[in-house]
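Student: Can you keep this structure in mind? I'll have questions shortly.
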Amino acid sequence: MNEHRTRIESAIHRYLSHFQPDNISSDLRDVAVSLDGLVQVYFETPDVEPLSENPTEAPGIDEAAFSRNAARFFEGDDVIWLVDSKGGHDQDPVCTFATSELAEIANDLTKVLWEFKNGAEADAIWEFRFGYQSHWGDHLHRVRHYLHGLAAW
């Protein structure tokens with residue numbers, strides 16, 4: 001399993017590094033590539049069962065501060081308009097912000113790193129995979145589609 005841990009941690013650190021306040025060299029393409037890398041690692045990592053029935057809750061990040069750091073990638077409005085694919089023709093669109101989507105991903109992935117450091121490796125891998133399936137993967141694909149529209153290549 002150690003090989004999977006190394007790949008997961010590397011992909012998470014690569015993603016998070018773009019949003020460090022002192023990192024002025026990253027651009028939207030780098031963010032897009034790191035998001036793609038997270039998806040690739042997810043699909044290369046086999047399912048595992050968690051070892052802990054009641055794992056300790058990992059601390060989150062300051063999402064507002066993270067969003068401020070992420071804002072430098074957007075030249076103004078970072079609004080993402082959404083509709084529910086199963087919602088029918090008469091629905092009103094809702095919006096989210098790319099910076100918020102990126103922060104949600106960072107929050108969940110930071111918890112995975114915490115689990116690797118403080119818990120069982122299987123629990124961290126399970127959290128990475130389950131989080132992709134149930135939460136951060138949704139945020140990733142929304143913001144990744146938005147970045148594609150901004151020609152982040």
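Residue numbering restarts at 1 in every chain; chains get A, B, ... in the order shown in the structure tokens, and ligands count up from 1 in that same order.
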Within 12 Å of region 131-148 of chain A, counting only C-alpha atoms, which residues show up once you throw out same-chain ones fewer than 4 positions away? Write them as a PyMOL selection string, please.
Tutor: chain A and resi 15+27-43+45+47+73-74+77-84+95-112+123-127+152-153
Student: Grab the CA of Glu57 (chain A) to CA of Arg129 (chain A) distance for me, in Å with one decimal place.
Tutor: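 We find that CA of Glu57 (chain A) and CA of Arg129 (chain A) lie 16.8 Å from each other.
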Student: For Gln20 (chain A), which residue out of A:Pro93, A:Phe116, A:Thr6, A:Arg72 is the nearest one, using only C-alpha atoms?
Tutor: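 Under the stated criterion, the closest residue is A:Arg72.
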Student: Taking the backbone alone, and naming residues the way the document does, which bits of region 89-153 of chain A are alpha helix (DSSP H) by DSSP, as a PyMOL selection string?
Tutor: chain A and resi 98-118+121-134+136-149
Student: Which residues, written as a short mmCIF file (atom, residue, chain, number, x, y, z; two decimals) with N, CA and C atoms, in the first residue's frame, have at least one atom at most 8 Å from Phe19 (chain A), with only C-alpha atoms counted and residues fewer than 2 positions away on the same chain left out?
Tutor:
data_model
loop_
_atom_site.label_atom_id
_atom_site.label_comp_id
_atom_site.auth_asym_id
_atom_site.auth_seq_id
_atom_site.Cartn_x
_atom_site.Cartn_y
_atom_site.Cartn_z
N TYR A 15 -1.10 19.69 -5.76
CA TYR A 15 -2.29 20.55 -5.84
C TYR A 15 -2.19 21.71 -4.85
N LEU A 16 -1.92 21.40 -3.61
CA LEU A 16 -1.89 22.43 -2.57
C LEU A 16 -0.79 23.45 -2.79
N SER A 17 0.32 23.04 -3.39
CA SER A 17 1.46 23.95 -3.57
C SER A 17 1.11 25.17 -4.43
N PRO A 21 0.90 31.23 -0.50
CA PRO A 21 1.02 32.67 -0.76
C PRO A 21 2.32 33.07 -1.45
N ASN A 23 3.95 31.28 -3.66
CA ASN A 23 4.07 30.66 -4.98
C ASN A 23 3.48 31.61 -6.02
N PHE A 66 -7.76 30.32 2.10
CA PHE A 66 -7.40 29.56 0.90
C PHE A 66 -8.04 30.21 -0.33
N ASN A 69 -6.16 33.16 -1.47
CA ASN A 69 -4.94 32.78 -2.19
C ASN A 69 -5.26 32.30 -3.60
N ALA A 70 -6.38 31.61 -3.74
CA ALA A 70 -6.77 31.09 -5.06
C ALA A 70 -7.27 32.18 -5.99
#
Student: Please give the complete set of residues from chain A that DSSP, run on the backbone, assigns to strand (DSSP E or B), formatted as a PyMOL selection string.
Tutor: chain A and resi 79-82+94-97
Student: Counting only C-alpha atoms, which of A:Lys86, A:Asp22, A:Pro46, A:Ala71 gets nearest to Glu3 (chain A)?
Tutor: A:Pro46
